[in-house]
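What follows is start-v1.cif (mmCIF, C-alpha atoms).
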data_data
loop_
_atom_site.label_atom_id
_atom_site.label_comp_id
_atom_site.auth_asym_id
_atom_site.auth_seq_id
_atom_site.Cartn_x
_atom_site.Cartn_y
_atom_site.Cartn_z
CA MET A 48 -56.78 -35.80 53.69
CA PRO A 49 -55.63 -36.81 57.22
CA ILE A 50 -54.27 -40.29 56.52
CA LEU A 51 -51.86 -39.09 53.84
CA SER A 52 -51.20 -35.37 54.17
CA GLN A 53 -49.45 -33.30 56.83
CA GLN A 54 -46.73 -35.94 57.09
CA GLU A 55 -42.95 -35.75 57.02
CA TYR A 56 -42.82 -38.29 54.18
CA GLN A 57 -43.95 -38.16 50.56
CA PRO A 58 -46.77 -40.65 49.86
CA VAL A 59 -46.39 -42.79 46.74
CA ILE A 60 -49.73 -44.11 45.49
CA MET A 61 -50.23 -46.88 42.89
CA ASN A 62 -53.58 -47.38 41.23
CA TRP A 63 -53.19 -50.97 40.02
CA ARG A 64 -53.56 -54.31 41.77
CA LEU A 65 -50.42 -55.88 43.22
CA THR A 66 -49.80 -59.56 42.55
CA GLU A 67 -46.87 -61.91 41.97
CA VAL A 68 -48.28 -63.59 38.86
CA HIS A 69 -47.62 -61.00 36.14
CA GLY A 70 -45.41 -58.04 35.29
CA TRP A 71 -47.72 -55.22 36.34
CA GLY A 72 -48.27 -56.80 39.73
CA LEU A 73 -44.57 -57.42 40.29
CA VAL A 74 -43.72 -53.81 39.40
CA GLY A 75 -46.03 -52.72 42.20
CA VAL A 76 -44.86 -55.35 44.69
CA HIS A 77 -41.18 -54.50 44.35
CA THR A 78 -41.82 -50.77 44.32
CA CYS A 79 -43.67 -51.16 47.62
CA LEU A 80 -40.94 -53.33 49.11
CA HIS A 81 -38.31 -50.77 48.13
CA LEU A 82 -40.28 -47.94 49.72
CA LEU A 83 -40.78 -49.93 52.91
CA ARG A 84 -37.04 -50.73 53.07
CA THR A 85 -36.05 -47.10 52.59
CA GLY A 86 -38.58 -45.42 54.87
CA GLY A 87 -40.98 -44.45 52.10
CA ALA A 88 -44.74 -44.42 52.26
CA PRO A 89 -46.47 -46.64 49.70
CA PHE A 90 -50.26 -46.54 49.40
CA LEU A 91 -52.42 -48.84 47.28
CA TYR A 92 -55.64 -47.82 45.61
CA GLU A 93 -56.53 -51.40 44.66
CA TYR A 94 -56.60 -54.17 47.26
CA PRO A 95 -53.59 -56.46 46.60
CA ASP A 96 -53.87 -60.12 45.58
CA LEU A 97 -52.17 -61.42 48.72
CA ALA A 98 -52.88 -65.07 47.96
CA THR A 99 -50.34 -65.00 45.09
CA MET A 100 -47.50 -63.72 47.25
CA ARG A 101 -44.75 -65.46 49.19
CA PRO A 102 -45.38 -65.39 52.97
CA ASP A 103 -42.79 -62.71 53.78
CA THR A 104 -44.00 -60.45 50.98
CA GLN A 105 -47.60 -61.16 51.88
CA ALA A 106 -47.02 -59.92 55.43
CA LYS A 107 -45.34 -56.71 54.30
CA ILE A 108 -47.88 -55.85 51.60
CA GLY A 109 -50.78 -56.99 53.77
CA ALA A 110 -49.86 -54.32 56.33
CA LEU A 111 -50.80 -51.70 53.71
CA CYS A 112 -54.36 -52.94 53.28
CA GLY A 113 -55.91 -50.83 56.03
CA ALA A 114 -54.68 -47.60 54.47
CA SER A 115 -55.75 -48.91 51.05
CA THR A 116 -59.31 -49.32 52.30
CA ARG A 117 -59.33 -45.81 53.80
CA LEU A 118 -57.96 -44.33 50.57
CA HIS A 119 -60.64 -46.09 48.56
CA ASP A 120 -63.35 -44.83 50.90
CA LEU A 121 -62.06 -41.25 50.62
CA VAL A 122 -61.94 -41.45 46.83
CA ASN A 123 -65.53 -42.71 46.75
CA ALA A 124 -66.65 -39.96 49.11
CA TYR A 125 -65.18 -37.32 46.82
CA LYS A 126 -66.69 -39.05 43.77
CA ALA A 127 -70.10 -38.84 45.39
CA LYS A 128 -69.64 -35.06 45.54
CA GLY A 129 -68.53 -34.95 41.89
CA GLN A 130 -64.94 -34.18 42.88
CA ARG A 131 -61.50 -35.75 42.57
CA LEU A 132 -59.42 -36.38 45.65
CA PHE A 133 -56.19 -34.36 45.87
CA VAL A 134 -53.51 -36.10 47.91
CA GLU A 135 -51.17 -33.42 49.20
CA ASN A 136 -47.44 -33.76 48.43
CA SER A 137 -47.92 -37.20 46.84
CA VAL A 138 -46.52 -38.96 43.79
CA CYS A 139 -49.33 -40.84 42.04
CA MET A 140 -48.55 -43.64 39.59
CA TYR A 141 -51.21 -44.84 37.15
CA ALA A 142 -51.15 -47.95 34.97
CA LEU A 143 -52.01 -47.08 31.36
CA GLY A 144 -53.53 -49.33 28.71
CA ASN A 145 -52.41 -50.29 25.21
CA GLN A 146 -53.58 -46.93 23.85
CA MET A 147 -52.08 -45.06 26.82
CA GLN A 148 -55.52 -44.54 28.30
CA PRO A 149 -57.08 -43.12 30.41
CA ASN A 150 -56.45 -39.39 30.37
CA PHE A 151 -55.17 -37.89 33.61
CA ALA A 152 -58.44 -35.97 33.99
CA GLU A 153 -60.28 -39.32 34.25
CA GLN A 154 -58.23 -40.56 37.21
CA PRO A 155 -60.21 -40.62 40.49
CA PHE A 156 -57.42 -38.96 42.54
CA PHE A 157 -54.31 -36.89 41.90
CA GLY A 158 -51.22 -35.60 43.63
CA LYS A 159 -48.31 -33.23 43.35
CA ARG A 160 -46.69 -35.43 40.69
CA ASN A 161 -48.80 -37.64 38.39
CA ILE A 162 -47.01 -40.35 36.42
CA GLY A 163 -48.42 -42.53 33.66
CA VAL A 164 -46.79 -45.97 33.58
CA GLY A 165 -47.04 -47.82 30.28
CA ALA A 166 -46.24 -51.25 28.87
CA PHE A 167 -47.92 -51.61 25.50
CA THR A 168 -47.79 -53.74 22.37
CA GLU A 169 -49.90 -51.67 19.96
CA THR A 170 -47.94 -49.19 17.89
CA ASN A 171 -50.77 -47.34 16.12
CA LEU A 172 -51.31 -44.62 18.70
CA GLY A 173 -54.14 -42.32 17.70
CA PRO A 174 -54.64 -38.64 18.55
CA GLN A 175 -56.47 -39.52 21.76
CA ALA A 176 -53.64 -41.82 22.86
CA VAL A 177 -51.14 -39.04 22.25
CA ALA A 178 -53.27 -36.56 24.19
CA ASP A 179 -53.67 -39.06 27.05
CA SER A 180 -49.91 -39.62 27.21
CA LEU A 181 -49.19 -35.89 27.28
CA SER A 182 -51.71 -35.29 30.06
CA TYR A 183 -49.33 -36.72 32.70
CA ASP A 184 -46.33 -35.01 34.25
CA ARG A 185 -44.18 -37.88 33.04
CA VAL A 186 -44.55 -41.22 31.27
CA VAL A 187 -42.40 -44.16 32.38
CA ILE A 188 -42.07 -47.30 30.25
CA HIS A 189 -39.97 -50.48 30.45
CA SER A 190 -38.23 -50.99 27.10
CA THR A 191 -36.44 -49.01 24.43
CA PHE A 192 -39.06 -50.41 22.03
CA ASN A 193 -41.86 -48.63 23.90
CA LYS A 194 -39.70 -45.52 24.20
CA GLN A 195 -39.18 -45.51 20.42
CA VAL A 196 -42.89 -45.90 19.68
CA LEU A 197 -43.72 -42.94 21.91
CA ALA A 198 -40.92 -40.90 20.34
CA ASP A 199 -42.46 -41.62 16.92
CA TYR A 200 -45.44 -39.59 18.11
CA GLY A 201 -43.42 -36.83 19.74
CA ILE A 202 -43.92 -38.14 23.28
CA GLU A 203 -40.98 -38.02 25.67
CA SER A 204 -40.69 -40.86 28.18
CA GLU A 205 -38.34 -42.34 30.74
CA CYS A 206 -37.26 -45.97 30.41
CA VAL A 207 -36.72 -48.05 33.55
CA PHE A 208 -36.00 -51.76 33.01
CA GLN A 209 -37.83 -54.39 35.04
CA GLY A 210 -35.90 -57.10 36.86
CA ILE A 211 -35.65 -60.32 38.82
CA ASP A 212 -35.37 -61.11 42.51
CA PRO A 213 -32.07 -62.93 43.27
CA THR A 214 -33.60 -64.39 46.44
CA GLU A 215 -35.97 -66.27 44.11
CA VAL A 216 -33.95 -67.01 40.96
CA SER A 217 -30.23 -67.73 40.70
CA PRO A 218 -28.03 -70.63 39.57
CA GLY A 219 -28.29 -73.75 41.68
CA PRO A 220 -28.23 -77.56 41.65
CA ARG A 221 -30.55 -79.64 39.50
CA THR A 222 -33.11 -81.99 40.96
CA GLY A 223 -32.63 -84.56 38.19
CA ARG A 224 -36.37 -84.94 37.68
CA PHE A 225 -36.02 -85.11 33.88
CA GLY A 226 -33.22 -87.67 33.91
CA ASP A 227 -30.67 -87.39 31.11
CA ARG A 228 -33.04 -85.86 28.56
CA PHE A 229 -32.18 -82.61 26.76
CA VAL A 230 -34.81 -80.27 28.18
CA VAL A 231 -36.07 -77.30 26.17
CA PHE A 232 -38.09 -74.78 28.17
CA SER A 233 -40.68 -72.34 26.88
CA GLY A 234 -42.59 -69.98 29.18
CA GLY A 235 -45.04 -67.12 28.91
CA LYS A 236 -48.78 -66.86 28.58
CA LEU A 237 -50.17 -68.72 25.58
CA GLU A 238 -50.93 -66.28 22.75
CA PHE A 239 -49.86 -65.35 19.23
CA ARG A 240 -47.66 -62.49 20.46
CA LYS A 241 -45.53 -64.87 22.54
CA GLY A 242 -44.79 -67.12 19.54
CA GLN A 243 -45.50 -70.54 21.04
CA ASP A 244 -46.53 -71.74 17.57
CA ILE A 245 -42.96 -71.06 16.41
CA VAL A 246 -41.67 -73.10 19.36
CA VAL A 247 -43.93 -76.03 18.46
CA ALA A 248 -42.98 -75.98 14.78
CA ALA A 249 -39.25 -75.92 15.56
CA PHE A 250 -39.39 -78.45 18.39
CA ARG A 251 -41.41 -80.88 16.28
CA ALA A 252 -38.52 -81.07 13.80
CA PHE A 253 -35.92 -81.01 16.60
CA HIS A 254 -37.51 -83.98 18.37
CA GLN A 255 -37.47 -86.00 15.15
CA ARG A 256 -33.69 -85.52 15.12
CA HIS A 257 -33.26 -86.01 18.86
CA PRO A 258 -35.82 -88.29 20.50
CA ASP A 259 -34.13 -87.61 23.85
CA ALA A 260 -35.38 -84.00 23.70
CA LEU A 261 -38.18 -82.96 26.03
CA LEU A 262 -40.24 -79.77 25.72
CA VAL A 263 -41.27 -78.32 29.10
CA THR A 264 -43.89 -75.58 28.86
CA ALA A 265 -45.23 -73.06 31.35
CA TRP A 266 -47.85 -71.38 29.17
CA GLY A 267 -50.57 -70.71 31.73
CA ASN A 268 -52.72 -67.71 30.82
CA PHE A 269 -55.17 -66.09 33.22
CA TRP A 270 -56.86 -64.57 30.16
CA PRO A 271 -57.50 -67.81 28.20
CA GLN A 272 -59.32 -66.04 25.35
CA PHE A 273 -55.94 -64.77 24.16
CA ALA A 274 -54.93 -68.34 23.31
CA LEU A 275 -57.37 -68.08 20.41
CA THR A 276 -55.10 -65.50 18.77
CA LEU A 277 -52.91 -68.46 17.77
CA ALA A 278 -55.45 -69.11 15.02
CA GLU A 279 -53.36 -66.48 13.20
CA SER A 280 -50.30 -68.74 13.20
CA PRO A 281 -48.67 -69.24 9.79
CA HIS A 282 -46.98 -72.41 11.07
CA LEU A 283 -49.64 -74.63 12.69
CA GLN A 284 -52.92 -75.96 11.33
CA VAL A 285 -54.76 -76.48 14.62
CA ARG A 286 -55.50 -73.71 17.10
CA PRO A 287 -55.77 -74.39 20.86
CA GLY A 288 -58.94 -75.79 22.33
CA PHE A 289 -60.08 -75.49 25.92
CA ASN A 290 -60.28 -77.83 28.88
CA ALA A 291 -63.94 -78.01 29.85
CA SER A 292 -63.20 -78.52 33.56
CA THR A 293 -60.71 -75.66 33.99
CA GLY A 294 -61.70 -73.20 31.26
CA TYR A 295 -58.02 -72.81 30.32
CA ALA A 296 -56.36 -73.76 27.06
CA ASP A 297 -55.78 -77.48 26.52
CA VAL A 298 -52.04 -77.29 25.88
CA PRO A 299 -51.37 -81.07 25.74
CA GLY A 300 -54.23 -81.55 23.29
CA TRP A 301 -52.95 -78.68 21.15
CA LEU A 302 -49.41 -80.09 21.05
CA LEU A 303 -50.62 -83.56 20.13
CA ALA A 304 -52.90 -82.17 17.42
CA ASN A 305 -49.93 -80.35 15.90
CA GLY A 306 -47.69 -83.39 15.63
CA LEU A 307 -45.75 -83.67 18.90
CA PRO A 308 -45.74 -87.31 20.04
CA GLU A 309 -46.76 -88.52 23.48
CA GLY A 310 -43.83 -88.33 25.88
CA SER A 311 -42.11 -85.50 24.03
CA PHE A 312 -43.49 -82.74 26.26
CA ILE A 313 -44.61 -81.86 29.77
CA ASP A 314 -47.04 -79.00 30.33
CA LEU A 315 -46.64 -77.32 33.72
CA GLY A 316 -49.31 -74.67 33.16
CA PHE A 317 -48.90 -72.04 35.87
CA LEU A 318 -45.73 -72.00 37.96
CA THR A 319 -46.02 -70.66 41.49
CA ARG A 320 -43.15 -68.46 42.68
CA GLU A 321 -41.46 -71.18 44.73
CA LYS A 322 -41.42 -73.59 41.77
CA ILE A 323 -39.89 -71.26 39.20
CA ALA A 324 -36.19 -71.58 40.07
CA PRO A 325 -36.13 -75.38 40.62
CA THR A 326 -37.88 -75.88 37.29
CA LEU A 327 -35.64 -73.53 35.32
CA ARG A 328 -32.45 -75.00 36.78
CA ASP A 329 -33.51 -78.42 35.48
CA CYS A 330 -33.72 -77.23 31.86
CA ASP A 331 -30.93 -77.13 29.27
CA LEU A 332 -32.17 -74.43 26.90
CA GLY A 333 -34.83 -71.70 26.89
CA VAL A 334 -36.54 -70.69 23.66
CA PHE A 335 -38.34 -67.34 23.33
CA PRO A 336 -39.17 -66.53 19.67
CA ASN A 337 -41.65 -63.89 20.83
CA ARG A 338 -43.12 -61.56 18.24
CA CYS A 339 -43.33 -58.65 20.66
CA GLU A 340 -42.35 -57.84 24.23
CA PRO A 341 -43.39 -54.46 25.67
CA GLY A 342 -40.97 -54.96 28.56
CA THR A 343 -37.91 -57.16 28.60
CA ASN A 344 -39.71 -60.51 29.15
CA LEU A 345 -39.72 -61.46 32.83
CA VAL A 346 -39.75 -65.22 32.18
CA ALA A 347 -36.69 -64.96 29.95
CA MET A 348 -34.87 -62.90 32.58
CA GLU A 349 -35.72 -65.45 35.28
CA ALA A 350 -34.37 -68.22 33.04
CA MET A 351 -31.18 -66.26 32.44
CA ALA A 352 -30.79 -65.60 36.17
CA CYS A 353 -30.88 -69.35 36.81
CA GLY A 354 -28.01 -69.90 34.37
CA MET A 355 -30.12 -71.29 31.53
CA PRO A 356 -28.81 -70.50 28.03
CA VAL A 357 -31.61 -68.80 26.09
CA ILE A 358 -32.56 -68.13 22.49
CA LEU A 359 -34.26 -64.75 22.06
CA SER A 360 -35.97 -63.18 19.08
CA ALA A 361 -34.09 -60.02 18.10
CA ASN A 362 -37.04 -57.66 18.28
CA THR A 363 -38.85 -55.22 20.59
CA GLY A 364 -38.11 -55.65 24.31
CA HIS A 365 -35.72 -58.56 23.79
CA LEU A 366 -33.22 -56.15 22.28
CA ASP A 367 -32.62 -54.84 25.81
CA LEU A 368 -31.51 -58.33 26.92
CA ILE A 369 -29.55 -59.68 23.96
CA GLY A 370 -25.76 -59.78 24.07
CA PRO A 371 -23.40 -62.01 22.03
CA ASP A 372 -21.69 -63.35 25.15
CA ARG A 373 -24.89 -64.15 27.07
CA THR A 374 -27.67 -65.09 24.62
CA TYR A 375 -28.37 -66.71 21.28
CA ALA A 376 -30.29 -64.35 19.00
CA LEU A 377 -32.78 -65.01 16.21
CA THR A 378 -31.77 -62.30 13.77
CA ARG A 379 -33.81 -63.36 10.74
CA GLN A 380 -36.78 -61.18 11.61
CA SER A 381 -39.50 -60.51 9.06
CA PRO A 382 -42.57 -58.28 9.43
CA VAL A 383 -45.59 -59.74 11.21
CA SER A 384 -48.94 -59.60 9.43
CA ASP A 385 -50.30 -56.21 10.42
CA PRO A 386 -53.70 -55.36 8.95
CA GLY A 387 -54.39 -52.74 11.63
CA ASP A 388 -50.98 -51.03 11.49
CA SER A 389 -50.55 -51.91 15.16
CA ARG A 390 -47.43 -54.12 14.94
CA ARG A 391 -44.65 -51.81 13.85
CA TYR A 392 -41.28 -53.15 15.14
CA TRP A 393 -42.78 -56.61 15.86
CA GLY A 394 -40.78 -59.50 14.39
CA GLU A 395 -41.58 -62.90 12.89
CA SER A 396 -38.80 -65.31 13.80
CA ASP A 397 -37.64 -67.87 11.28
CA VAL A 398 -38.48 -71.45 12.29
CA GLU A 399 -35.41 -72.82 10.51
CA GLU A 400 -33.11 -70.39 12.33
CA LEU A 401 -34.62 -71.43 15.65
CA LEU A 402 -34.13 -75.10 14.74
CA GLU A 403 -30.51 -74.43 13.71
CA THR A 404 -29.80 -72.57 16.95
CA MET A 405 -31.35 -75.32 19.05
CA GLU A 406 -29.19 -77.81 17.18
CA PHE A 407 -26.05 -75.75 17.83
CA ALA A 408 -26.81 -75.59 21.57
CA TYR A 409 -27.48 -79.35 21.63
CA GLN A 410 -24.18 -80.13 19.90
CA ASN A 411 -22.11 -77.53 21.80
CA ARG A 412 -23.02 -77.95 25.45
CA ASP A 413 -19.93 -76.13 26.74
CA ASP A 414 -20.71 -73.05 24.66
CA ALA A 415 -24.31 -73.10 25.83
CA SER A 416 -23.26 -73.49 29.44
CA ALA A 417 -20.87 -70.54 29.16
CA LYS A 418 -23.65 -68.38 27.73
CA GLY A 419 -25.92 -69.43 30.59
CA GLN A 420 -23.34 -68.46 33.19
CA ALA A 421 -22.68 -65.13 31.48
CA ALA A 422 -26.43 -64.51 31.34
CA ALA A 423 -26.80 -65.17 35.05
CA ASP A 424 -23.91 -62.86 35.91
CA TRP A 425 -25.33 -60.07 33.74
CA VAL A 426 -28.95 -60.32 34.89
CA LEU A 427 -28.04 -60.61 38.57
CA GLY A 428 -25.75 -57.61 38.18
CA ASN A 429 -27.91 -55.39 35.97
CA ARG A 430 -31.57 -56.42 36.04
CA ARG A 431 -32.64 -56.81 39.65
CA TRP A 432 -35.97 -55.65 41.06
CA ASP A 433 -34.28 -53.63 43.80
CA GLN A 434 -32.37 -51.70 41.12
CA PHE A 435 -35.57 -51.20 39.14
CA ALA A 436 -37.58 -49.97 42.11
CA ALA A 437 -34.94 -47.47 43.26
CA GLU A 438 -34.66 -45.96 39.77
CA PHE A 439 -38.44 -46.11 39.19
CA VAL A 440 -39.27 -44.20 42.38
CA GLU A 441 -36.51 -41.65 41.78
CA THR A 442 -37.63 -41.12 38.18
CA CYS A 443 -41.27 -40.65 39.15
CA ALA A 444 -40.56 -38.33 42.08
CA ARG A 445 -37.97 -35.98 40.62
#
Represent the structure of the file as C-alpha cells.
Amino acid sequence: MPILSQQEYQPVIMNWRLTEVHGWGLVGVHTCLHLLRTGGAPFLYEYPDLATMRPDTQAKIGALCGASTRLHDLVNAYKAKGQRLFVENSVCMYALGNQMQPNFAEQPFFGKRNIGVGAFTETNLGPQAVADSLSYDRVVIHSTFNKQVLADYGIESECVFQGIDPTEVSPGPRTGRFGDRFVVFSGGKLEFRKGQDIVVAAFRAFHQRHPDALLVTAWGNFWPQFALTLAESPHLQVRPGFNASTGYADVPGWLLANGLPEGSFIDLGFLTREKIAPTLRDCDLGVFPNRCEPGTNLVAMEAMACGMPVILSANTGHLDLIGPDRTYALTRQSPVSDPGDSRRYWGESDVEELLETMEFAYQNRDDASAKGQAAADWVLGNRRWDQFAAEFVETCAR
C-alpha cells in the first residue's frame, strides 16, 4: 500500500467520522491534532465533517482529506476482490457499538495493531458481544463504569478519560445577558438517559420558590427520535413533541406542557463551539442528574472548566468526575427500570435531593463559587484533550 507503507512513521488510522459536535467526533479530532503536533501520521477512513469545526482545526483536519479519499479507494478495491486491506506497520482504531460490535474480522482493513474503542450504555453483553470484544488486540474505553462492565464478562480493557480544550473553555468574565437572575444550566442531548425530566421536575418546584431563577437548556439532539424515550419518565406526564419545521424536539412546548411558566426558561438548542464558553460562564449552577454516562460527560466537564459549580448524579461515568471539593453529588441513587437487564449500574436520581442541592447552592453562593473554582482547576489540570490524546495513542500503540 504505497500511500501508507514503507514509511519512517507509524500510520494511525481511525474508522469513524470526525466532528466537533459529539464525543466520538471530538475523540478523533483531538487524537489527530496530537499526532500532527508530535510528528505522527493520522489517516481517516471516513471523510470528516469539516463544517462543524473551528477554522484552525478545519484547516489541519482538512489537509488529511486527500489521503482519506485514497485510503477509501484502496479499501474498496480490495473489497471488490473479496479481500481486506492490510496496512503495514499501522495502528488501526475502530469505533464499536453498544454491543461492542462489529467483530474484527468484519472490519474492511487491518494493521499491525487493531484496537476496539468503546463507549457504551448497555450492560447486558451477550456471547457475541464478548467474542467481538475479544477479537481485538486491545479494547480502550473512557470510564471506570465501562471498564467494570467489561470486567464482569471477563474482558480486559484500558481506560483513558476524555477531556476539554482549555483554548475553548476556561473561567472568564460574564456577558451579563441574563441580568441578575439565578441561572441554572442543563446540557446534553434530550433523552431519558440524560435525565432532563428530573431537571424539569426539580426546577419546576425550585422556580416556585425563587421566581428569579432561569433555566437555560442546551438539549439539541441530532438523533431526535431519542427524545421519545422520555415517555418512560416517572416524573412527567407529557413526553416531548416535535417542531414540524425543524424535525427536532419542541423543547419550549414540552417545558410549558409540564408546568414551567413562560419566562422561566430559555432553550438554546444546539451550541456551536464558539458559543459554549460564553454561555457557560453566564450561568450560576449546572445540573446533571443523568441516569447513565458511558464516558465522563463532556458537557459537564466543559461547565466545570468554565468555573460553573455543578450537581452530578453519583453513578456510572460521573463517578470519575465527582469530588467533595469540586462538585455537588446526588447520592440517593435508586435502580432504573430495567426490563431488558441492560441498565446495570445506572442510577435514578432523587428529585427532592436535586431540589435540596439547588436550594443549598442558591443560599450559599460563596460555597458554590469555591466549588466552581476548584472544579475548573481540577479539570484544566487533569482532564484536557491533549492529555487524553497522548495517553490514548500510547495505549493503542504499545
Output check: residues returned by the PyMOL selection byres ((chain A and resi 180) around 12), as an MDAnalysis selection string | chainID A and resid 141:152 161:165 172:179 181:188 197:198 200:204
Using only C-alpha atoms, which of the listed residues (A:Asp96, A:Asp227, A:Asp331, A:Glu169) sits closest to Ala408 in chain A?
->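 That would be A:Asp331, the residue with the smallest distance to Ala408 in chain A.
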Can you pull out every residue within 9 Å of Phe273 in chain A, counting only C-alpha atoms, but drop anything in the same chain fewer than 4 positions away, and send it as a list in words?
->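 Residues near the query, excluding close chain neighbours: Lys236, Leu237, Glu238, Phe239, Asn268 and Leu277 of chain A.
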Close residues, Gly86 in chain A itself excluded, 12 Å, only C-alpha atoms, min 2 positions apart in chain, as JSON, numbers by chain | {"A": [55, 56, 57, 58, 59, 79, 80, 81, 82, 83, 84, 88, 89]}
Give me the residues within 7 Å of range 353-362 of chain A as number ranges by chain, counting only C-alpha atoms and dropping any in the same chain fewer than 4 places off.
-> A: 216-218, 324, 327-328, 330-337, 339, 349, 366, 374-378, 392-394, 396, 415-416, 418-420, 422-423
Let me see the file: selected residues, C-alpha atoms, as a PDB file, keeping the file's coordinate frame.
ATOM      1  CA  VAL A 216     -33.950 -67.010  40.960  1.00  0.00           C
ATOM      2  CA  SER A 217     -30.230 -67.730  40.700  1.00  0.00           C
ATOM      3  CA  PRO A 218     -28.030 -70.630  39.570  1.00  0.00           C
ATOM      4  CA  ALA A 324     -36.190 -71.580  40.070  1.00  0.00           C
ATOM      5  CA  LEU A 327     -35.640 -73.530  35.320  1.00  0.00           C
ATOM      6  CA  ARG A 328     -32.450 -75.000  36.780  1.00  0.00           C
ATOM      7  CA  CYS A 330     -33.720 -77.230  31.860  1.00  0.00           C
ATOM      8  CA  ASP A 331     -30.930 -77.130  29.270  1.00  0.00           C
ATOM      9  CA  LEU A 332     -32.170 -74.430  26.900  1.00  0.00           C
ATOM     10  CA  GLY A 333     -34.830 -71.700  26.890  1.00  0.00           C
ATOM     11  CA  VAL A 334     -36.540 -70.690  23.660  1.00  0.00           C
ATOM     12  CA  PHE A 335     -38.340 -67.340  23.330  1.00  0.00           C
ATOM     13  CA  PRO A 336     -39.170 -66.530  19.670  1.00  0.00           C
ATOM     14  CA  ASN A 337     -41.650 -63.890  20.830  1.00  0.00           C
ATOM     15  CA  CYS A 339     -43.330 -58.650  20.660  1.00  0.00           C
ATOM     16  CA  GLU A 349     -35.720 -65.450  35.280  1.00  0.00           C
ATOM     17  CA  LEU A 366     -33.220 -56.150  22.280  1.00  0.00           C
ATOM     18  CA  THR A 374     -27.670 -65.090  24.620  1.00  0.00           C
ATOM     19  CA  TYR A 375     -28.370 -66.710  21.280  1.00  0.00           C
ATOM     20  CA  ALA A 376     -30.290 -64.350  19.000  1.00  0.00           C
ATOM     21  CA  LEU A 377     -32.780 -65.010  16.210  1.00  0.00           C
ATOM     22  CA  THR A 378     -31.770 -62.300  13.770  1.00  0.00           C
ATOM     23  CA  TYR A 392     -41.280 -53.150  15.140  1.00  0.00           C
ATOM     24  CA  TRP A 393     -42.780 -56.610  15.860  1.00  0.00           C
ATOM     25  CA  GLY A 394     -40.780 -59.500  14.390  1.00  0.00           C
ATOM     26  CA  SER A 396     -38.800 -65.310  13.800  1.00  0.00           C
ATOM     27  CA  ALA A 415     -24.310 -73.100  25.830  1.00  0.00           C
ATOM     28  CA  SER A 416     -23.260 -73.490  29.440  1.00  0.00           C
ATOM     29  CA  LYS A 418     -23.650 -68.380  27.730  1.00  0.00           C
ATOM     30  CA  GLY A 419     -25.920 -69.430  30.590  1.00  0.00           C
ATOM     31  CA  GLN A 420     -23.340 -68.460  33.190  1.00  0.00           C
ATOM     32  CA  ALA A 422     -26.430 -64.510  31.340  1.00  0.00           C
ATOM     33  CA  ALA A 423     -26.800 -65.170  35.050  1.00  0.00           C
TER      34      ALA A 423
END
Can you work out the spacing between CA of Phe157 in chain A and CA of Ala98 in chain A in Å, to one decimal?
->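 Straight-line distance from CA of Phe157 in chain A to CA of Ala98 in chain A works out to 28.9 Å.
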Gap from CA of Val346 in chain A to CA of Lys322 in chain A - Å, one decimal |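 Computed distance, CA of Val346 in chain A to CA of Lys322 in chain A, equals 12.8 Å.
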Go through A:Arg412, A:Arg320, A:His119, A:Arg373 one by one, measure the shortest atom-to-atom distance of each to Ile211 in chain A using all atoms listed in the file, and give the residue with the smallest value.
->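 Between A:Arg412, A:Arg320, A:His119, A:Arg373, the residue approaching Ile211 in chain A most closely is A:Arg320.
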If you measure from CA of Leu73 in chain A to CA of Arg101 in chain A, what distance in Å do you get, rounded to one decimal?
->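 Going from CA of Leu73 in chain A over to CA of Arg101 in chain A covers 12.0 Å.
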Let me know the centre plus edge lengths, in Å and rounded to one decimal, of a box with edges along x, y and z that contains all listed atoms of range 295-302 of chain A and is padded by 6 Å on every side, as JSON.
{"center_x": -53.7, "center_y": -77.2, "center_z": 25.7, "size_x": 20.6, "size_y": 20.7, "size_z": 21.3}
Taking only C-alpha atoms into account, which of A:Thr170, A:Gln105, A:Asn123, A:Thr85 comes nearest Ser389 in chain A?
-> A:Thr170
Long-range neighbours of Arg228 in chain A as a ChimeraX atom specification, 10 Å cut-off, only C-alpha atoms, 5 positions minimum in chain | /A:223,257-262,330-331
Leaving out Pro386 in chain A and any residue of its chain fewer than 4 positions from it, which residues lie within 12 Å of it when counting all atoms listed in the file, given as a list in words?
->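 Near Pro386 in chain A, the qualifying residues are Asn171, Glu279, Pro382, Arg390 and Arg391 of chain A.
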Between A:Gln209, A:Asn62, A:Asn193, A:Gln154, which one has atoms that come closest to Trp432 in chain A, using all atoms listed in the file?
->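 The closest residue to Trp432 in chain A is A:Gln209.
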Test item: the PyMOL selection byres ((chain A and resi 304) around 9) resolved as a VMD selection string = chain A and resid 284 to 287 299 to 303 305 to 307
Give as a count of residues only every residue, naming chains and numbers as the document does, that has an atom within 7 Å of (-57.6, -36.6, 47.8), counting only C-alpha atoms.
-> 8
Counting all atoms listed in the file, which of A:Leu121, A:Val263, A:Ala421, A:Met405 gets nearest to Gly310 in chain A?
->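 Nearest to Gly310 in chain A: A:Val263.
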Have a look at A:Tyr409, A:Trp270, A:Trp425, A:Tyr92 and name the one nearest to Leu368 in chain A; count all atoms listed in the file.
->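 For Leu368 in chain A, the nearest of the given residues is A:Trp425.
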Counting all atoms listed in the file, I want the residues whose atoms come within 7 Å of (-48.5, -68.0, 37.2) in the file frame, returned as a PDB file with C-alpha atoms, in the coordinates of the input.
ATOM      1  CA  VAL A  68     -48.280 -63.590  38.860  1.00  0.00           C
ATOM      2  CA  GLY A 267     -50.570 -70.710  31.730  1.00  0.00           C
ATOM      3  CA  PHE A 317     -48.900 -72.040  35.870  1.00  0.00           C
ATOM      4  CA  LEU A 318     -45.730 -72.000  37.960  1.00  0.00           C
ATOM      5  CA  THR A 319     -46.020 -70.660  41.490  1.00  0.00           C
TER       6      THR A 319
END
The PyMOL selection byres ((chain A and resi 443) around 8) on the file shown: which residues, as a list of chain:residue names?
-> A:Val138, A:Met140, A:Arg160, A:Ile162, A:Arg185, A:Val187, A:Phe439, A:Val440, A:Glu441, A:Thr442, A:Ala444, A:Arg445
